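Beneath this line is the structure, given in structure tokens, with notes to follow.
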Amino acid sequence: MQPYRLQAEHRDRPLGIGTASPRLSWSMGAASEDSPAHVRVLVASSAHALINGHADLWDSGPIPMKALNVRYAGKALGSRRRCHWRVVSADSRSDVVDSEPSWFETGMLETHDWVAEWITGPVAPRDGVQAPGSTRQQPGSTRFRLPDGLGAVTYLSRAFEVVPGEHDARLYAAALGLYHAYVNGERVDARAFAPGWTDYHKRVEYQAYDVSALLQPGRNAICLVLADGWYAGYVGFSPKRRGAFYGARAAICAQLEIGGVPVVVTDRSWHTGFGPIIWSDLLMGESRDEREALTPWLTAAPPATEVWAAITRVGSAPQRVAERGPPISTVMTVPARAVAWLAADIASIDFGQNLSGRIRLQATGDCGTEIRIRHAETLDAARLYTENLRTARAEDRIVIGPSGRIDYEPSFTFHGFRYAELKASNASLRIECAEAKVIMSALERTGRFRCGHALVQRIYDNALWSQRSNFLSVPTDCPQRDERLGWLGDAQVFARTAAYNFDVAAFFEKWLGDVLDAQRSDGAFTDIAPLIIFENGGAPGWAEAGVLVPWTLWQMYGDPDILERCWPAMQRFFEFQCRHNEDGVRRQGLNLNFGDWLNVDDDTPKELIATAFWARTAAVLRDIAAVLGEVEAEAHYGREFDRIRLAFQREFLSSEGQLHSDAQGASVLSLAFGLLTPAQHARAFNGLVAAIERRGYATCGFLSINALLPTLSAGGRSDLAYRLLLREDYPSWGYSVRHGATTIWERWDSWTPENGFQKEMNSFNHYAFGSVAEWLYRFAAGLDFDDGGVARRCIEFRPQPCDALGWCEAEYESALGSVSSAWRIAGDRLTLALAVPPAATARLHWPSGWDPIEAGSTALGPGSHRFEAARSRLP
Ligand code: BGC
């Protein structure tokens, strides 16, 4: 049995982690027939020592097989320590199987590790301040004039000397804003954006880079390019000005070390100026002028001339913390599907896929030709439809330089788009290549779903693409308009889908830090994190993300650390709810109460939603307390659940046990959260089925949509779930696909033939309704886990064969190892193929409507299993 997929702090070989006792985890792959007795984690100070079996830092000793992770508990580690490790499994015959070696490296663990100061460039370009290396810029030129309300991109530089020899060099850097770092003209890595978005009043993440290979003996140059980013740029929809939340002036600090000794750090000795990127803003776009050559400046120290301004030191800055999530990177390239010239100077490009990122454009044209690139998710009468971007200008501008050729990709902005329009200032433009670079936090893809039905496949793909488009440092609602905020409700309903598609452990752990940072002093979790715009919190279904997302992470990754970290905050949130609502019905402390957001004319009473989520919180806190061994708390939250559940039944059901509300959302939440007695449950389920039959479609909004199909399947009505899934008329998932959706629409009616585009608030790339993909994994393909999550090591296979799909399969790289579930119908025969990883068990819930050809146990052990079935004869 071979351990593989080694992770430290839920990341593969992380450089610069912020703890001296990282969590180490691994998966198990099959290698021997025998089941291992235990595993051991070995940690060494060098690769050589590890290979030689000399675990000089830590030998964990035998760890029971059921453990999914362990916290490093070896010799004390200081800052900047690289540790090499592997996992060894020994089976009962004592055969030892090693994992591949891996490593992690600690970052700057002590505040005094930092000697670098925060520095910043001039506020705005002035006449006479010229681009470094430029010979063309004349005093009085207007080239560096900024459009109103945009901040200048500044360039900061410093020369330093390196003695000959081999050097182990690291660069540590953080910015209030976004930066790119260069050593001797080379980018230090390929991150698209750094740092990510946090509450910069409280913390900013620093990055660590291995720059050993970039140094040269003698004179070296380090150059930092600094843009506004989330810190000083436009963020959200209000107020409509840059720098509204944190500060108006981007700043940076960087420390380059050789052998752990700082060699060059940001301080007063640096120089600053301007360069080809003139301004850049996440919402507005970017402007670049290729007539400004940069090369001499990047590769050597800037000349000490009057064109260089002295830097300014920044007095106060937030705490620097190690980067937690995966780096924000370009993860895919999508070539242009069609380029159409609308006029001699206007080209329209279709990338065939709505996405989040930016365009790389290779083109030729006369020097001085200006190209403006606008972006849109969709077209209206063959032209870009940009109304839904609201005030996000999403326009990039590039001026061709003397070479007459550009290979251009913006640096500090991104857009949500499928289409682009290029307008040149003359007809000399020739496009050689245009491709879209997809940017997101670089998550490892862990789940795949395939089936034999094109529409269903597209629904799944659309949910995947909406996740790709919105998991960028923070789980955002949308990537295109002037919003792009970390709404808690959206993340809450989508978290389980997200965790099937990609490994989101580190990503969500980072964001839950933002959620904790945002929590109000009265205990309410907020609607948005990082917190801006809405100071209030507690919105039902939104605030609960502070409890439900950590629980989902526990279920999917089996690491109790996130529960421990959030536990006090979760309890404070629960107390906040209790304080405001003594009788068990949640009517107070709701602040902005969005209800079952964007449902189809089928409102669930808001107090019902609020109380249902409150009860759910109590149940989950009870289960978390059990995981954490908090015996009293477990009993307490168990009682609280019973109390709120009873109050729920009293308030929202008639004395005959009938829900007062016949909204689909009301039934779904009461059923899914286990709020009813068995008799009430049966009634509510029948009511839900009747309500769906009556309307013929699902009416659910954000808060109930993820539970709708699982609730139907749990009640034995997968046929109805499929009917909703396969529907193509309005409203349905299929409706958007039929109208060309390549991502999940924000609203069921984002566009209709009768009313055209929804006004005001309309995105074509919002993942909340894409949470249907959770059902595709767990029920359609049938790859599900025990409610207690992977830690129970029990897989629940619940395949739901459907003739319309013909076949279906899902694979999931789980914390236990690879799991897969597939079914195929051929006439009246059904084949099931299931794979269970080592050290796990599984139960097959036999699909209704099919009879096994050979009776066999449905309690499965590790390995591959195949079942044949025949269609049941109708009675
Ligand atoms: C966002 C949502 C969010 C909602 C709150 C919208 O503006 O786009 O996705 O959850 O507000 O109701």
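The chains in the structure tokens are called A, B, ... from first to last as shown; in each chain the residues are counted from 1, and the ligands are counted from 1 in the order shown.
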
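Summary of the local environment: counting only C-alpha atoms, residues at most 12 Å from Arg695 in chain A, other than itself and those fewer than 5 positions away along its chain, are A:Val600, A:Asp601, A:Asp602, A:Asp662, A:Ala663, A:Gln664, A:Leu688, A:Val689, A:Ala690, A:Cys700, A:Leu724, A:Tyr730, A:Pro731.
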
For those residues, write N, CA, C and O atoms to a file as a PDB file, in the first residue's frame.
ATOM      1  N   VAL A 600     -37.954  31.646  -8.018  1.00  0.00           N
ATOM      2  CA  VAL A 600     -38.893  31.997  -9.080  1.00  0.00           C
ATOM      3  C   VAL A 600     -40.263  32.232  -8.468  1.00  0.00           C
ATOM      4  O   VAL A 600     -41.082  31.318  -8.368  1.00  0.00           O
ATOM      5  N   ASP A 601     -40.474  33.460  -8.022  1.00  0.00           N
ATOM      6  CA  ASP A 601     -41.811  33.833  -7.597  1.00  0.00           C
ATOM      7  C   ASP A 601     -42.415  32.817  -6.618  1.00  0.00           C
ATOM      8  O   ASP A 601     -43.567  32.415  -6.763  1.00  0.00           O
ATOM      9  N   ASP A 602     -41.626  32.382  -5.668  1.00  0.00           N
ATOM     10  CA  ASP A 602     -42.077  31.342  -4.746  1.00  0.00           C
ATOM     11  C   ASP A 602     -41.360  31.551  -3.416  1.00  0.00           C
ATOM     12  O   ASP A 602     -40.550  30.722  -2.980  1.00  0.00           O
ATOM     13  N   ASP A 662     -46.351  26.718   1.177  1.00  0.00           N
ATOM     14  CA  ASP A 662     -46.192  25.657   0.179  1.00  0.00           C
ATOM     15  C   ASP A 662     -45.055  25.974  -0.793  1.00  0.00           C
ATOM     16  O   ASP A 662     -44.946  25.378  -1.857  1.00  0.00           O
ATOM     17  N   ALA A 663     -44.204  26.931  -0.409  1.00  0.00           N
ATOM     18  CA  ALA A 663     -43.030  27.226  -1.248  1.00  0.00           C
ATOM     19  C   ALA A 663     -42.123  25.996  -1.285  1.00  0.00           C
ATOM     20  O   ALA A 663     -41.944  25.316  -0.267  1.00  0.00           O
ATOM     21  N   GLN A 664     -41.560  25.733  -2.434  1.00  0.00           N
ATOM     22  CA  GLN A 664     -40.655  24.572  -2.548  1.00  0.00           C
ATOM     23  C   GLN A 664     -39.491  24.691  -1.564  1.00  0.00           C
ATOM     24  O   GLN A 664     -39.095  23.718  -0.922  1.00  0.00           O
ATOM     25  N   LEU A 688     -43.857  18.686  -1.334  1.00  0.00           N
ATOM     26  CA  LEU A 688     -42.818  19.171  -2.256  1.00  0.00           C
ATOM     27  C   LEU A 688     -43.034  18.593  -3.651  1.00  0.00           C
ATOM     28  O   LEU A 688     -42.992  19.313  -4.657  1.00  0.00           O
ATOM     29  N   VAL A 689     -43.268  17.292  -3.682  1.00  0.00           N
ATOM     30  CA  VAL A 689     -43.494  16.635  -4.978  1.00  0.00           C
ATOM     31  C   VAL A 689     -44.706  17.266  -5.675  1.00  0.00           C
ATOM     32  O   VAL A 689     -44.656  17.595  -6.868  1.00  0.00           O
ATOM     33  N   ALA A 690     -45.763  17.485  -4.898  1.00  0.00           N
ATOM     34  CA  ALA A 690     -46.975  18.068  -5.499  1.00  0.00           C
ATOM     35  C   ALA A 690     -46.703  19.475  -6.003  1.00  0.00           C
ATOM     36  O   ALA A 690     -47.160  19.861  -7.093  1.00  0.00           O
ATOM     37  N   CYS A 700     -36.648  27.053  -6.663  1.00  0.00           N
ATOM     38  CA  CYS A 700     -35.740  27.365  -5.551  1.00  0.00           C
ATOM     39  C   CYS A 700     -34.782  28.504  -5.866  1.00  0.00           C
ATOM     40  O   CYS A 700     -34.316  28.666  -6.990  1.00  0.00           O
ATOM     41  N   LEU A 724     -36.292  17.468 -13.546  1.00  0.00           N
ATOM     42  CA  LEU A 724     -35.913  18.882 -13.387  1.00  0.00           C
ATOM     43  C   LEU A 724     -34.581  19.167 -14.078  1.00  0.00           C
ATOM     44  O   LEU A 724     -34.387  20.211 -14.709  1.00  0.00           O
ATOM     45  N   TYR A 730     -37.800  27.466 -19.677  1.00  0.00           N
ATOM     46  CA  TYR A 730     -37.644  28.348 -18.534  1.00  0.00           C
ATOM     47  C   TYR A 730     -38.593  27.918 -17.423  1.00  0.00           C
ATOM     48  O   TYR A 730     -39.737  27.609 -17.713  1.00  0.00           O
ATOM     49  N   PRO A 731     -38.241  27.950 -16.178  1.00  0.00           N
ATOM     50  CA  PRO A 731     -36.873  28.111 -15.670  1.00  0.00           C
ATOM     51  C   PRO A 731     -36.222  26.749 -15.446  1.00  0.00           C
ATOM     52  O   PRO A 731     -36.876  25.830 -14.970  1.00  0.00           O
TER      53      PRO A 731
END

As a PyMOL selection string, please: all residues of range 13-73 of chain A that backbone DSSP puts in strand (DSSP E or B). chain A and resi 15-17+23-29+36-44+58-59+63-64+69-71

Throw together the list of residues within 10 Å of ligand 1, counting only C-alpha atoms and all ligand atoms, and drop it here as a ChimeraX atom specification. /A:236-237,476-479,481-492,527-528,539,541-542,592-598,702-703,746-747,760-763,765-768

May I have the residues from that selection written out with C-alpha atoms, as an mmCIF file, in the first residue's frame?
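The resulting file, out-v4.cif, is reproduced below:
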data_model
loop_
_atom_site.group_PDB
_atom_site.id
_atom_site.type_symbol
_atom_site.label_atom_id
_atom_site.label_comp_id
_atom_site.auth_asym_id
_atom_site.auth_seq_id
_atom_site.Cartn_x
_atom_site.Cartn_y
_atom_site.Cartn_z
ATOM 1 C CA GLY A 236 -17.074 46.416 -5.255
ATOM 2 C CA PHE A 237 -19.912 48.679 -6.268
ATOM 3 C CA THR A 476 -16.553 35.541 -5.191
ATOM 4 C CA ASP A 477 -20.103 35.877 -6.439
ATOM 5 C CA CYS A 478 -19.070 36.884 -9.940
ATOM 6 C CA PRO A 479 -15.934 37.841 -11.831
ATOM 7 C CA ARG A 481 -19.200 43.462 -12.758
ATOM 8 C CA ASP A 482 -18.248 45.993 -10.109
ATOM 9 C CA GLU A 483 -18.852 43.491 -7.345
ATOM 10 C CA ARG A 484 -16.627 40.374 -7.198
ATOM 11 C CA LEU A 485 -17.142 40.042 -3.452
ATOM 12 C CA GLY A 486 -16.714 37.144 -1.058
ATOM 13 C CA TRP A 487 -20.424 36.618 -0.376
ATOM 14 C CA LEU A 488 -20.820 34.008 2.335
ATOM 15 C CA GLY A 489 -24.155 32.628 1.128
ATOM 16 C CA ASP A 490 -22.887 31.765 -2.321
ATOM 17 C CA ALA A 491 -19.871 29.966 -0.875
ATOM 18 C CA GLN A 492 -22.023 28.151 1.676
ATOM 19 C CA ASP A 527 -22.528 38.704 4.658
ATOM 20 C CA ILE A 528 -19.224 39.309 2.915
ATOM 21 C CA ALA A 539 -28.159 37.199 7.201
ATOM 22 C CA GLY A 541 -28.006 31.324 4.973
ATOM 23 C CA TRP A 542 -25.117 33.754 4.481
ATOM 24 C CA LEU A 592 -29.974 42.324 5.570
ATOM 25 C CA ASN A 593 -32.227 39.339 5.166
ATOM 26 C CA PHE A 594 -32.024 38.125 1.596
ATOM 27 C CA GLY A 595 -34.352 35.143 1.901
ATOM 28 C CA ASP A 596 -34.266 32.376 -0.696
ATOM 29 C CA TRP A 597 -32.517 34.767 -3.041
ATOM 30 C CA LEU A 598 -33.581 34.832 -6.700
ATOM 31 C CA PHE A 702 -29.829 30.302 -3.705
ATOM 32 C CA LEU A 703 -30.517 28.895 -0.248
ATOM 33 C CA GLU A 746 -26.885 34.298 -11.690
ATOM 34 C CA ARG A 747 -30.618 34.252 -12.259
ATOM 35 C CA GLU A 760 -29.528 46.137 -12.687
ATOM 36 C CA MET A 761 -28.019 42.940 -11.343
ATOM 37 C CA ASN A 762 -27.196 40.298 -13.870
ATOM 38 C CA SER A 763 -24.233 38.032 -14.157
ATOM 39 C CA ASN A 765 -21.110 33.601 -14.192
ATOM 40 C CA HIS A 766 -22.419 32.998 -10.677
ATOM 41 C CA TYR A 767 -21.908 29.558 -9.217
ATOM 42 C CA ALA A 768 -24.735 29.313 -6.653
#

Among range 535-710 of chain A, which residues carry a DSSP assignment of alpha helix (DSSP H), reported as a VMD selection string? chain A and resid 545 to 557 561 to 580 606 to 628 631 to 652 664 to 672 678 to 695 702 to 710

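For the set A:Gly589, A:Gly74, A:Gly629, A:Gly827, the residue with the smallest atom-to-atom gap to Gly806 in chain A is A:Gly827, counting only C-alpha atoms.
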
Please identify all polymer residues within 8 Å of Leu676 in chain A, counting only C-alpha atoms, omitting same-chain residues fewer than 4 positions from it, and present them as a ChimeraX atom specification. /A:645,649,670-671,680-681

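With distances restricted to only C-alpha atoms, A:Phe160 is the closest residue to Pro262 in chain A from A:Phe351, A:Tyr155, A:Phe160, A:Phe769.
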
Excluding Pro164 in chain A and residues on its chain fewer than 5 positions from it, collect all residues at most 9 Å away from it, counting only C-alpha atoms, and give them as a compact mmCIF listing (two decimals) with N, CA, C and O atoms, in the first residue's frame.
# COMPACT_ATOMS: atom_id res chain seq x y z
N GLN A 216 23.49 36.41 -10.07
CA GLN A 216 24.73 36.29 -10.83
C GLN A 216 25.85 36.92 -10.01
O GLN A 216 25.59 37.80 -9.19
N PRO A 217 27.07 36.49 -10.23
CA PRO A 217 28.16 37.11 -9.48
C PRO A 217 28.28 38.58 -9.88
O PRO A 217 28.08 38.91 -11.05
N GLY A 218 28.59 39.43 -8.94
CA GLY A 218 28.76 40.86 -9.25
C GLY A 218 27.46 41.62 -9.08
O GLY A 218 26.68 41.37 -8.16
